[in-house]
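**Q** My file is work35.csv. It has CSV, C-alpha atoms:
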```
chain,number,residue,atom,x,y,z
A,1,MET,CA,-16.6,-16.0,-22.3
A,2,ARG,CA,-19.2,-14.0,-24.3
A,3,TYR,CA,-20.7,-11.1,-22.4
A,4,ALA,CA,-24.3,-10.1,-22.8
A,5,LYS,CA,-24.7,-6.9,-24.8
A,6,GLY,CA,-25.6,-3.9,-22.7
A,7,GLY,CA,-25.0,-5.8,-19.4
A,8,LEU,CA,-22.2,-6.7,-17.0
A,9,VAL,CA,-21.1,-10.2,-16.3
A,10,ILE,CA,-18.4,-10.5,-13.6
A,11,SER,CA,-15.5,-12.9,-13.9
A,12,ALA,CA,-14.5,-14.1,-10.4
A,13,GLU,CA,-11.1,-15.1,-11.8
A,14,ARG,CA,-10.3,-11.8,-13.4
A,15,ASP,CA,-12.6,-8.9,-12.4
A,16,ILE,CA,-12.6,-9.7,-8.6
A,17,PRO,CA,-8.8,-9.7,-8.2
A,18,LEU,CA,-8.5,-6.5,-10.1
A,19,LEU,CA,-11.1,-4.7,-8.0
A,20,LEU,CA,-9.5,-6.2,-4.8
A,21,GLN,CA,-6.2,-4.7,-5.8
A,22,VAL,CA,-7.7,-1.3,-6.4
A,23,ARG,CA,-9.5,-1.3,-3.1
A,24,ASN,CA,-6.5,-2.4,-1.1
A,25,SER,CA,-4.2,0.1,-2.9
A,26,ARG,CA,-6.8,2.9,-2.4
A,27,PHE,CA,-5.4,4.5,-5.5
A,28,VAL,CA,-3.5,2.9,-8.4
A,29,SER,CA,-2.4,4.0,-11.8
A,30,HIS,CA,-3.4,2.2,-15.0
A,31,ALA,CA,0.2,1.1,-15.6
A,32,GLN,CA,0.7,-0.1,-12.0
A,33,LEU,CA,-2.6,-2.0,-12.1
A,34,PHE,CA,-1.6,-3.8,-15.3
A,35,GLU,CA,1.7,-4.8,-13.6
A,36,PHE,CA,-0.1,-6.1,-10.5
A,37,MET,CA,-2.4,-8.2,-12.7
A,38,THR,CA,0.6,-9.5,-14.6
A,39,PHE,CA,2.4,-10.6,-11.5
A,40,GLY,CA,-0.7,-12.2,-10.1
A,41,GLY,CA,-1.2,-14.2,-13.3
A,42,VAL,CA,-4.7,-12.6,-13.7
A,43,ASP,CA,-4.2,-10.8,-17.1
A,44,ARG,CA,-1.1,-10.7,-19.3
A,45,SER,CA,-2.8,-9.3,-22.4
A,46,ARG,CA,-2.7,-5.5,-22.5
A,47,ASN,CA,-5.7,-5.3,-24.8
A,48,SER,CA,-7.7,-7.6,-22.6
A,49,PHE,CA,-6.7,-5.6,-19.5
A,50,ASN,CA,-7.6,-2.3,-21.1
A,51,TRP,CA,-11.0,-3.6,-22.1
A,52,ARG,CA,-11.7,-4.9,-18.6
A,53,VAL,CA,-10.8,-1.7,-16.9
A,54,LYS,CA,-12.8,0.4,-19.4
A,55,ARG,CA,-15.8,-1.9,-18.8
A,56,LEU,CA,-15.6,-1.7,-15.0
A,57,VAL,CA,-15.4,2.1,-15.1
A,58,LYS,CA,-18.3,2.3,-17.5
A,59,TYR,CA,-20.5,0.2,-15.2
A,60,GLY,CA,-19.6,2.0,-12.0
A,61,GLN,CA,-17.3,-0.5,-10.4
A,62,LEU,CA,-14.2,1.7,-10.7
A,63,GLU,CA,-13.8,5.5,-10.7
A,64,ARG,CA,-11.2,7.3,-12.8
A,65,CYS,CA,-9.7,10.2,-10.8
A,66,ARG,CA,-9.8,13.1,-13.2
A,67,ASP,CA,-8.2,15.5,-10.7
A,68,VAL,CA,-4.9,13.5,-10.3
A,69,TYR,CA,-2.2,14.6,-12.7
A,70,GLY,CA,1.5,13.6,-13.1
A,71,ALA,CA,1.1,9.9,-12.5
A,72,GLY,CA,2.0,8.9,-16.0
A,73,SER,CA,-1.3,7.2,-16.7
A,74,ALA,CA,-4.9,7.3,-15.5
A,75,VAL,CA,-5.4,6.8,-11.8
A,76,TYR,CA,-8.3,4.8,-10.3
A,77,ARG,CA,-10.0,4.2,-7.0
A,78,ILE,CA,-12.8,1.7,-6.1
A,79,ALA,CA,-16.4,2.9,-6.6
A,80,ARG,CA,-19.3,2.0,-4.3
A,81,GLY,CA,-20.5,-0.5,-6.9
A,82,GLY,CA,-17.1,-2.2,-6.8
A,83,ILE,CA,-17.1,-2.4,-3.0
A,84,ALA,CA,-20.5,-4.0,-3.0
A,85,LEU,CA,-19.4,-6.5,-5.6
A,86,LEU,CA,-16.4,-7.5,-3.6
A,87,GLU,CA,-18.6,-8.0,-0.6
A,88,HIS,CA,-20.9,-10.2,-2.6
A,89,HIS,CA,-17.8,-12.3,-3.4
A,90,GLY,CA,-16.8,-12.6,0.3
A,91,GLN,CA,-14.2,-9.7,0.3
A,92,PHE,CA,-15.3,-7.5,3.2
A,93,THR,CA,-13.3,-5.1,5.3
A,94,THR,CA,-14.5,-3.2,8.3
A,95,VAL,CA,-12.8,0.1,7.3
A,96,LEU,CA,-13.8,0.4,3.6
A,97,HIS,CA,-17.2,-1.1,2.9
A,98,SER,CA,-20.4,-0.4,1.0
A,99,ASN,CA,-21.8,1.8,3.9
A,100,THR,CA,-18.6,3.8,4.4
A,101,GLU,CA,-19.5,7.4,4.3
A,102,HIS,CA,-16.4,8.6,2.4
A,103,LEU,CA,-14.3,6.9,-0.3
A,104,PRO,CA,-10.5,7.4,-0.2
A,105,HIS,CA,-9.8,11.1,-0.6
A,106,ILE,CA,-7.9,12.4,-3.7
A,107,SER,CA,-5.3,13.9,-1.3
A,108,GLN,CA,-4.1,10.3,-0.6
A,109,ALA,CA,-3.4,9.5,-4.2
A,110,PHE,CA,0.3,10.1,-4.5
A,111,HIS,CA,0.9,8.4,-1.1
A,112,SER,CA,-0.8,5.3,-2.5
A,113,LEU,CA,1.1,5.5,-5.8
A,114,GLU,CA,4.4,5.5,-4.0
A,115,LEU,CA,3.5,2.5,-1.9
A,116,ASN,CA,2.5,0.7,-5.1
A,117,ARG,CA,5.8,1.6,-6.6
A,118,ILE,CA,7.7,0.0,-3.7
A,119,GLN,CA,5.5,-3.1,-3.8
A,120,LEU,CA,6.1,-3.6,-7.5
A,121,GLY,CA,9.8,-3.0,-7.1
A,122,LEU,CA,10.1,-5.8,-4.6
A,123,ALA,CA,8.0,-8.1,-6.8
A,124,ARG,CA,10.1,-7.4,-9.8
A,125,ALA,CA,13.2,-8.3,-7.8
A,126,ASN,CA,11.6,-11.6,-6.6
A,127,LEU,CA,11.9,-10.4,-3.0
A,128,LEU,CA,8.2,-10.0,-2.1
A,129,ALA,CA,6.8,-12.9,-0.1
A,130,GLY,CA,3.7,-11.1,1.2
A,131,TRP,CA,2.1,-7.7,1.4
A,132,GLN,CA,-0.7,-6.6,3.7
A,133,SER,CA,-2.1,-3.2,2.8
A,134,GLU,CA,-3.1,-0.5,5.2
A,135,VAL,CA,-6.8,-1.3,4.4
A,136,GLU,CA,-6.2,-4.9,5.4
A,137,ILE,CA,-4.2,-4.0,8.5
A,138,ALA,CA,-6.7,-1.4,9.7
A,139,SER,CA,-9.5,-3.9,9.2
A,140,PHE,CA,-7.6,-6.6,11.1
A,141,ASN,CA,-6.9,-4.2,14.0
A,142,THR,CA,-10.5,-3.4,14.5
A,143,ILE,CA,-11.4,-7.1,15.1
A,144,SER,CA,-8.3,-8.7,16.5
A,145,ARG,CA,-7.5,-9.4,20.2
A,146,SER,CA,-3.8,-8.9,19.3
A,147,PRO,CA,-3.8,-6.0,17.0
A,148,TYR,CA,-0.7,-4.2,15.6
A,149,GLY,CA,0.4,-1.1,17.4
A,150,LYS,CA,-0.9,1.1,14.6
A,151,ASP,CA,-2.4,1.0,11.2
A,152,TYR,CA,0.8,0.8,9.2
A,153,ASP,CA,1.0,1.6,5.5
A,154,ALA,CA,2.0,-2.1,5.0
A,155,ILE,CA,3.2,-5.2,6.7
A,156,ILE,CA,5.7,-6.8,4.3
A,157,ASP,CA,7.3,-10.3,4.2
A,158,VAL,CA,10.5,-10.4,2.0
A,159,TRP,CA,12.9,-13.1,1.0
A,160,VAL,CA,16.3,-12.7,2.6
A,161,GLY,CA,18.3,-15.6,1.1
A,162,ASP,CA,16.2,-18.7,1.6
A,163,LYS,CA,14.3,-17.3,4.6
A,164,THR,CA,11.6,-14.7,5.0
A,165,ALA,CA,11.7,-11.6,7.2
A,166,ARG,CA,8.8,-9.3,8.2
A,167,PHE,CA,8.8,-5.6,8.8
A,168,ALA,CA,6.2,-2.8,9.0
A,169,LEU,CA,6.4,0.0,6.5
A,170,GLU,CA,5.4,3.7,6.9
A,171,TYR,CA,5.7,6.3,4.2
A,172,GLU,CA,5.9,9.8,5.5
A,173,ARG,CA,5.2,12.1,2.6
A,174,THR,CA,4.4,15.2,4.8
A,175,LEU,CA,5.0,16.1,8.4
A,176,LYS,CA,2.3,15.7,11.1
A,177,SER,CA,1.4,17.7,14.1
A,178,VAL,CA,3.2,17.5,17.5
A,179,ARG,CA,0.1,15.8,19.0
A,180,GLU,CA,0.0,13.2,16.3
A,181,TYR,CA,3.7,12.3,16.8
A,182,GLU,CA,3.0,11.9,20.5
A,183,ARG,CA,0.3,9.4,19.7
A,184,ILE,CA,2.5,7.6,17.2
A,185,ARG,CA,5.5,7.3,19.6
A,186,ALA,CA,3.2,5.7,22.1
A,187,ALA,CA,1.9,3.2,19.5
A,188,LEU,CA,5.4,2.3,18.3
A,189,GLN,CA,6.6,1.8,21.8
A,190,ALA,CA,3.7,-0.5,22.5
A,191,GLU,CA,4.2,-2.6,19.4
A,192,ARG,CA,4.5,-6.3,20.1
A,193,GLN,CA,3.6,-8.0,16.8
A,194,VAL,CA,6.4,-6.8,14.5
A,195,GLY,CA,10.0,-6.5,15.2
A,196,CYS,CA,11.3,-3.9,12.7
A,197,ILE,CA,9.7,-0.8,11.4
A,198,LEU,CA,10.9,1.0,8.3
A,199,TYR,CA,10.1,4.7,7.7
A,200,LEU,CA,10.5,5.9,4.2
A,201,THR,CA,10.3,9.7,3.6
A,202,SER,CA,9.7,12.0,0.7
A,203,GLY,CA,13.0,13.9,1.4
A,204,VAL,CA,15.9,14.5,3.7
A,205,GLU,CA,14.1,17.2,5.7
A,206,VAL,CA,11.3,14.9,6.7
A,207,LEU,CA,13.8,12.1,7.5
A,208,LEU,CA,15.8,14.4,9.9
A,209,HIS,CA,12.6,15.5,11.6
A,210,LEU,CA,11.5,11.9,12.2
A,211,LEU,CA,14.8,11.0,13.7
A,212,GLU,CA,14.3,13.7,16.2
A,213,GLU,CA,10.6,12.8,16.9
A,214,PHE,CA,11.3,9.1,17.4
A,215,ARG,CA,14.7,9.2,19.2
A,216,SER,CA,13.1,8.2,22.4
A,217,VAL,CA,11.3,5.1,20.9
A,218,ASN,CA,13.1,1.9,22.1
A,219,LYS,CA,12.3,-0.2,19.0
A,220,SER,CA,14.1,-1.3,15.9
A,221,LEU,CA,13.4,1.7,13.7
A,222,ALA,CA,15.1,2.4,10.3
A,223,PHE,CA,14.8,5.5,8.1
A,224,ALA,CA,15.5,6.1,4.4
A,225,ASN,CA,14.5,8.1,1.5
A,226,ALA,CA,11.6,6.5,-0.5
A,227,ARG,CA,13.3,7.1,-3.9
A,228,ASP,CA,16.5,5.4,-2.7
A,229,PHE,CA,14.6,2.4,-1.4
A,230,ALA,CA,12.7,2.1,-4.7
A,231,LYS,CA,16.0,1.7,-6.5
A,232,GLU,CA,18.1,-0.3,-4.0
A,233,LEU,CA,15.4,-2.2,-2.1
A,234,LEU,CA,16.9,-4.4,0.6
A,235,ASP,CA,20.4,-3.1,-0.1
A,236,THR,CA,19.3,0.5,0.8
A,237,PRO,CA,21.5,2.2,3.4
A,238,VAL,CA,19.2,3.1,6.3
A,239,VAL,CA,19.7,5.4,9.2
A,240,ILE,CA,19.0,3.8,12.6
A,241,GLY,CA,19.8,6.8,14.8
A,242,ARG,CA,21.1,10.4,14.6
A,243,ASP,CA,24.5,9.4,15.9
A,244,ALA,CA,24.6,5.8,14.6
A,245,PRO,CA,26.3,4.7,11.3
A,246,SER,CA,24.1,3.7,8.4
A,247,ALA,CA,23.5,0.0,7.6
A,248,ARG,CA,22.1,-2.0,4.8
A,249,PHE,CA,18.4,-2.7,5.5
A,250,ARG,CA,19.0,-6.4,4.5
A,251,ASP,CA,21.5,-6.7,7.4
A,252,LEU,CA,19.1,-5.1,9.8
A,253,LEU,CA,16.5,-7.7,8.9
A,254,GLN,CA,18.9,-10.6,9.4
```
Go ahead and render the structure in this file as structure tokens.

**A**
Amino acid sequence: MRYAKGGLVISAERDIPLLLQVRNSRFVSHAQLFEFMTFGGVDRSRNSFNWRVKRLVKYGQLERCRDVYGAGSAVYRIARGGIALLEHHGQFTTVLHSNTEHLPHISQAFHSLELNRIQLGLARANLLAGWQSEVEIASFNTISRSPYGKDYDAIIDVWVGDKTARFALEYERTLKSVREYERIRAALQAERQVGCILYLTSGVEVLLHLLEEFRSVNKSLAFANARDFAKELLDTPVVIGRDAPSARFRDLLQ
């Protein structure tokens, strides 16, 4: 397609899926975004992809986050123009829309990048059957008569053999307050929509703290280090209780 000089013509087949991925990820690196587009069959040409992103940044559909360092490549978030464009193409969410007062905060960037890493790892291993992002879950929860217990970081469907299994994912990068954990315990205990909840942590200290905070929750909870899960995926040994032996996450899902 030839684009008008000095103007922006949007491709529903290529631009919209790209913007949708950025919105749902909240933050995504340039390298991650290219891999998402490759897996989705949207754009397999690096040159074409680079041109597309540069063009969407130039015309205010994407924002390059200049205060995020150490991600290995540029990091993007959706701009207000991009949100409005998605809405024009029927992609609306109740939690991140064109009248939202604040866009995703830079402090969330590395949290989002780690979730992207997990999603892409599952996709590379041909294990990923479905991924609902926190943006999609939170939007669903505001309008559903049967919402999830909380706005999880993701609801994931994975292939276990020739069948699929579903679990909720939470990535705990830093610790929360005592009051927040009280609220989370109540939400997890009331959960009726998903059977297994996996907590991935940024380190052993956070994992041990979560084991103590959630020891009274009578649900199927599993805990593991995020870096371990990124490498071993469903074969990751997970902790299911302070005094219980570890088990492969795959076995827990089965």

**Q** Taking (2.6, 1.0, 3.4) as a centre in this file's frame and 12 Å as the limit, can you find every polymer residue with an atom that close, using all atoms listed in the file, and give them as a short mmCIF file (atom, residue, chain, number, x, y, z; two decimals) with C-alpha atoms, in the coordinates of the input?

**A**
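Writing the result to result17.cif gives the following:
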```cif
data_model
loop_
_atom_site.label_atom_id
_atom_site.label_comp_id
_atom_site.auth_asym_id
_atom_site.auth_seq_id
_atom_site.Cartn_x
_atom_site.Cartn_y
_atom_site.Cartn_z
CA ASN A 24 -6.50 -2.40 -1.10
CA SER A 25 -4.20 0.10 -2.90
CA ARG A 26 -6.80 2.90 -2.40
CA HIS A 111 0.90 8.40 -1.10
CA SER A 112 -0.80 5.30 -2.50
CA LEU A 113 1.10 5.50 -5.80
CA GLU A 114 4.40 5.50 -4.00
CA LEU A 115 3.50 2.50 -1.90
CA ASN A 116 2.50 0.70 -5.10
CA ARG A 117 5.80 1.60 -6.60
CA ILE A 118 7.70 0.00 -3.70
CA GLN A 119 5.50 -3.10 -3.80
CA TRP A 131 2.10 -7.70 1.40
CA GLN A 132 -0.70 -6.60 3.70
CA SER A 133 -2.10 -3.20 2.80
CA GLU A 134 -3.10 -0.50 5.20
CA VAL A 135 -6.80 -1.30 4.40
CA GLU A 136 -6.20 -4.90 5.40
CA ILE A 137 -4.20 -4.00 8.50
CA ALA A 138 -6.70 -1.40 9.70
CA LYS A 150 -0.90 1.10 14.60
CA ASP A 151 -2.40 1.00 11.20
CA TYR A 152 0.80 0.80 9.20
CA ASP A 153 1.00 1.60 5.50
CA ALA A 154 2.00 -2.10 5.00
CA ILE A 155 3.20 -5.20 6.70
CA ILE A 156 5.70 -6.80 4.30
CA PHE A 167 8.80 -5.60 8.80
CA ALA A 168 6.20 -2.80 9.00
CA LEU A 169 6.40 0.00 6.50
CA GLU A 170 5.40 3.70 6.90
CA TYR A 171 5.70 6.30 4.20
CA GLU A 172 5.90 9.80 5.50
CA ARG A 173 5.20 12.10 2.60
CA ILE A 197 9.70 -0.80 11.40
CA LEU A 198 10.90 1.00 8.30
CA TYR A 199 10.10 4.70 7.70
CA LEU A 200 10.50 5.90 4.20
CA THR A 201 10.30 9.70 3.60
CA ALA A 226 11.60 6.50 -0.50
#
```

**Q** Contacts of range 81-85 of chain A at 8 Å or less, counting all atoms listed in the file, minus same-chain residues fewer than 2 places along, as JSON, numbers by chain?

**A** {"A": [19, 23, 60, 61, 62, 78, 79, 87, 88, 89, 96, 97, 98]}

**Q** Hey, which of A:Ala109, A:Ile184, A:Ala247, A:Leu8 ends up closest to Val217 in chain A? Count only C-alpha atoms.

**A** A:Ile184

**Q** So that I can check the surroundings of Lys231 in chain A, please list as a VMD selection string every protein, DNA and RNA residue that reaches within 12 Å of it, counting all atoms listed in the file and ignoring chain neighbours fewer than 6 positions away.

**A** chain A and resid 117 to 122 124 to 125 224 to 225 237

**Q** Write to file, as an mmCIF file, in the frame of the given file, the residues of the selection just made, with C-alpha atoms.

**A**
```
data_model
loop_
_atom_site.group_PDB
_atom_site.id
_atom_site.type_symbol
_atom_site.label_atom_id
_atom_site.label_comp_id
_atom_site.auth_asym_id
_atom_site.auth_seq_id
_atom_site.Cartn_x
_atom_site.Cartn_y
_atom_site.Cartn_z
ATOM 1 C CA ARG A 117 5.800 1.600 -6.600
ATOM 2 C CA ILE A 118 7.700 0.000 -3.700
ATOM 3 C CA GLN A 119 5.500 -3.100 -3.800
ATOM 4 C CA LEU A 120 6.100 -3.600 -7.500
ATOM 5 C CA GLY A 121 9.800 -3.000 -7.100
ATOM 6 C CA LEU A 122 10.100 -5.800 -4.600
ATOM 7 C CA ARG A 124 10.100 -7.400 -9.800
ATOM 8 C CA ALA A 125 13.200 -8.300 -7.800
ATOM 9 C CA ALA A 224 15.500 6.100 4.400
ATOM 10 C CA ASN A 225 14.500 8.100 1.500
ATOM 11 C CA PRO A 237 21.500 2.200 3.400
#
```

**Q** From the list A:Leu175, A:Ala222, A:Ile240, A:Ile143, which residue is nearest His209 in chain A when using all atoms listed in the file?

**A**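 Closest to His209 in chain A of all the choices is A:Leu175.
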
**Q** If I take CA of Ser216 in chain A and CA of Gln193 in chain A, how far is one from the other in Å, to one decimal?

**A**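 Calculated distance between CA of Ser216 in chain A and CA of Gln193 in chain A is 19.6 Å.
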
**Q** Can you measure CA of Asp228 in chain A to CA of Val68 in chain A for me? One decimal in Å is fine.

**A** 24.1 Å

**Q** What does the structure give for the distance between CA of Gln32 in chain A and CA of Glu63 in chain A, in Å to one decimal?

**A**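 These two atoms are separated by 15.6 Å.
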
**Q** Find the residues around Gly161 in chain A up to 10 Å (only C-alpha atoms counted), leave out those fewer than 4 positions away in its own chain, and share them as a VMD selection string.

**A** chain A and resid 127 165 250 254

**Q** Closest to Gly90 in chain A among A:Val53, A:Leu103, A:Leu18, A:Ala12, using only C-alpha atoms?

**A**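 Going through A:Val53, A:Leu103, A:Leu18, A:Ala12 one by one, the smallest distance to Gly90 in chain A is for A:Ala12.
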
**Q** Find the residues near Ser139 in chain A: any atom within 6 Å, counting all atoms listed in the file, skip ones fewer than 2 places away on the same chain, and give them as number ranges by chain.

**A** A: 93-95, 136-137, 141-142

**Q** Determine the nearest neighbour of Lys219 in chain A from the options A:Pro104, A:Gly195, A:Pro147, A:Gly130, counting only C-alpha atoms.

**A** A:Gly195

**Q** Can you take the partial range 163-191 of chain A, add N, CA and C atoms, and return it as an mmCIF file, keeping the file's coordinate frame?

**A**
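Output saved as rebuild_16.cif:
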```cif
data_model
loop_
_atom_site.group_PDB
_atom_site.id
_atom_site.type_symbol
_atom_site.label_atom_id
_atom_site.label_comp_id
_atom_site.auth_asym_id
_atom_site.auth_seq_id
_atom_site.Cartn_x
_atom_site.Cartn_y
_atom_site.Cartn_z
ATOM 1 N N LYS A 163 15.197 -17.508 3.492
ATOM 2 C CA LYS A 163 14.300 -17.300 4.600
ATOM 3 C C LYS A 163 13.479 -16.018 4.382
ATOM 4 N N THR A 164 12.355 -15.896 5.089
ATOM 5 C CA THR A 164 11.600 -14.700 5.000
ATOM 6 C C THR A 164 11.742 -13.837 6.265
ATOM 7 N N ALA A 165 11.625 -12.545 6.103
ATOM 8 C CA ALA A 165 11.700 -11.600 7.200
ATOM 9 C C ALA A 165 10.506 -10.642 7.081
ATOM 10 N N ARG A 166 9.993 -10.195 8.211
ATOM 11 C CA ARG A 166 8.800 -9.300 8.200
ATOM 12 C C ARG A 166 9.173 -7.954 8.796
ATOM 13 N N PHE A 167 8.614 -6.911 8.195
ATOM 14 C CA PHE A 167 8.800 -5.600 8.800
ATOM 15 C C PHE A 167 7.518 -4.755 8.439
ATOM 16 N N ALA A 168 7.309 -3.723 9.247
ATOM 17 C CA ALA A 168 6.200 -2.800 9.000
ATOM 18 C C ALA A 168 6.771 -1.599 8.223
ATOM 19 N N LEU A 169 5.981 -1.088 7.298
ATOM 20 C CA LEU A 169 6.400 0.000 6.500
ATOM 21 C C LEU A 169 5.505 1.241 6.715
ATOM 22 N N GLU A 170 6.144 2.392 6.879
ATOM 23 C CA GLU A 170 5.400 3.700 6.900
ATOM 24 C C GLU A 170 6.075 4.605 5.920
ATOM 25 N N TYR A 171 5.233 5.255 5.129
ATOM 26 C CA TYR A 171 5.700 6.300 4.200
ATOM 27 C C TYR A 171 5.258 7.621 4.634
ATOM 28 N N GLU A 172 6.233 8.456 4.988
ATOM 29 C CA GLU A 172 5.900 9.800 5.500
ATOM 30 C C GLU A 172 6.170 10.802 4.383
ATOM 31 N N ARG A 173 5.082 11.216 3.765
ATOM 32 C CA ARG A 173 5.200 12.100 2.600
ATOM 33 C C ARG A 173 5.208 13.598 3.114
ATOM 34 N N THR A 174 4.432 13.878 4.171
ATOM 35 C CA THR A 174 4.400 15.200 4.800
ATOM 36 C C THR A 174 4.470 15.053 6.283
ATOM 37 N N LEU A 175 4.827 16.123 6.959
ATOM 38 C CA LEU A 175 5.000 16.100 8.400
ATOM 39 C C LEU A 175 3.601 16.222 9.098
ATOM 40 N N LYS A 176 3.493 15.614 10.279
ATOM 41 C CA LYS A 176 2.300 15.700 11.100
ATOM 42 C C LYS A 176 2.423 16.660 12.215
ATOM 43 N N SER A 177 1.373 16.788 12.986
ATOM 44 C CA SER A 177 1.400 17.700 14.100
ATOM 45 C C SER A 177 2.140 17.113 15.302
ATOM 46 N N VAL A 178 2.508 17.968 16.255
ATOM 47 C CA VAL A 178 3.200 17.500 17.500
ATOM 48 C C VAL A 178 2.334 16.492 18.212
ATOM 49 N N ARG A 179 1.049 16.732 18.309
ATOM 50 C CA ARG A 179 0.100 15.800 19.000
ATOM 51 C C ARG A 179 0.067 14.466 18.331
ATOM 52 N N GLU A 180 0.045 14.471 17.006
ATOM 53 C CA GLU A 180 0.000 13.200 16.300
ATOM 54 C C GLU A 180 1.262 12.389 16.503
ATOM 55 N N TYR A 181 2.410 13.053 16.533
ATOM 56 C CA TYR A 181 3.700 12.300 16.800
ATOM 57 C C TYR A 181 3.724 11.779 18.195
ATOM 58 N N GLU A 182 3.111 12.447 19.123
ATOM 59 C CA GLU A 182 3.000 11.900 20.500
ATOM 60 C C GLU A 182 2.258 10.599 20.486
ATOM 61 N N ARG A 183 1.155 10.590 19.771
ATOM 62 C CA ARG A 183 0.300 9.400 19.700
ATOM 63 C C ARG A 183 1.086 8.260 18.981
ATOM 64 N N ILE A 184 1.807 8.593 17.910
ATOM 65 C CA ILE A 184 2.500 7.600 17.200
ATOM 66 C C ILE A 184 3.681 7.000 17.980
ATOM 67 N N ARG A 185 4.387 7.846 18.720
ATOM 68 C CA ARG A 185 5.500 7.300 19.600
ATOM 69 C C ARG A 185 4.941 6.313 20.568
ATOM 70 N N ALA A 186 3.795 6.605 21.158
ATOM 71 C CA ALA A 186 3.200 5.700 22.100
ATOM 72 C C ALA A 186 2.821 4.350 21.436
ATOM 73 N N ALA A 187 2.292 4.446 20.213
ATOM 74 C CA ALA A 187 1.900 3.200 19.500
ATOM 75 C C ALA A 187 3.097 2.394 19.112
ATOM 76 N N LEU A 188 4.168 3.033 18.653
ATOM 77 C CA LEU A 188 5.400 2.300 18.300
ATOM 78 C C LEU A 188 6.015 1.636 19.490
ATOM 79 N N GLN A 189 6.034 2.350 20.600
ATOM 80 C CA GLN A 189 6.600 1.800 21.800
ATOM 81 C C GLN A 189 5.864 0.592 22.317
ATOM 82 N N ALA A 190 4.557 0.578 22.074
ATOM 83 C CA ALA A 190 3.700 -0.500 22.500
ATOM 84 C C ALA A 190 3.657 -1.694 21.563
ATOM 85 N N GLU A 191 4.296 -1.567 20.395
ATOM 86 C CA GLU A 191 4.200 -2.600 19.400
ATOM 87 C C GLU A 191 4.823 -3.923 19.853
#
```
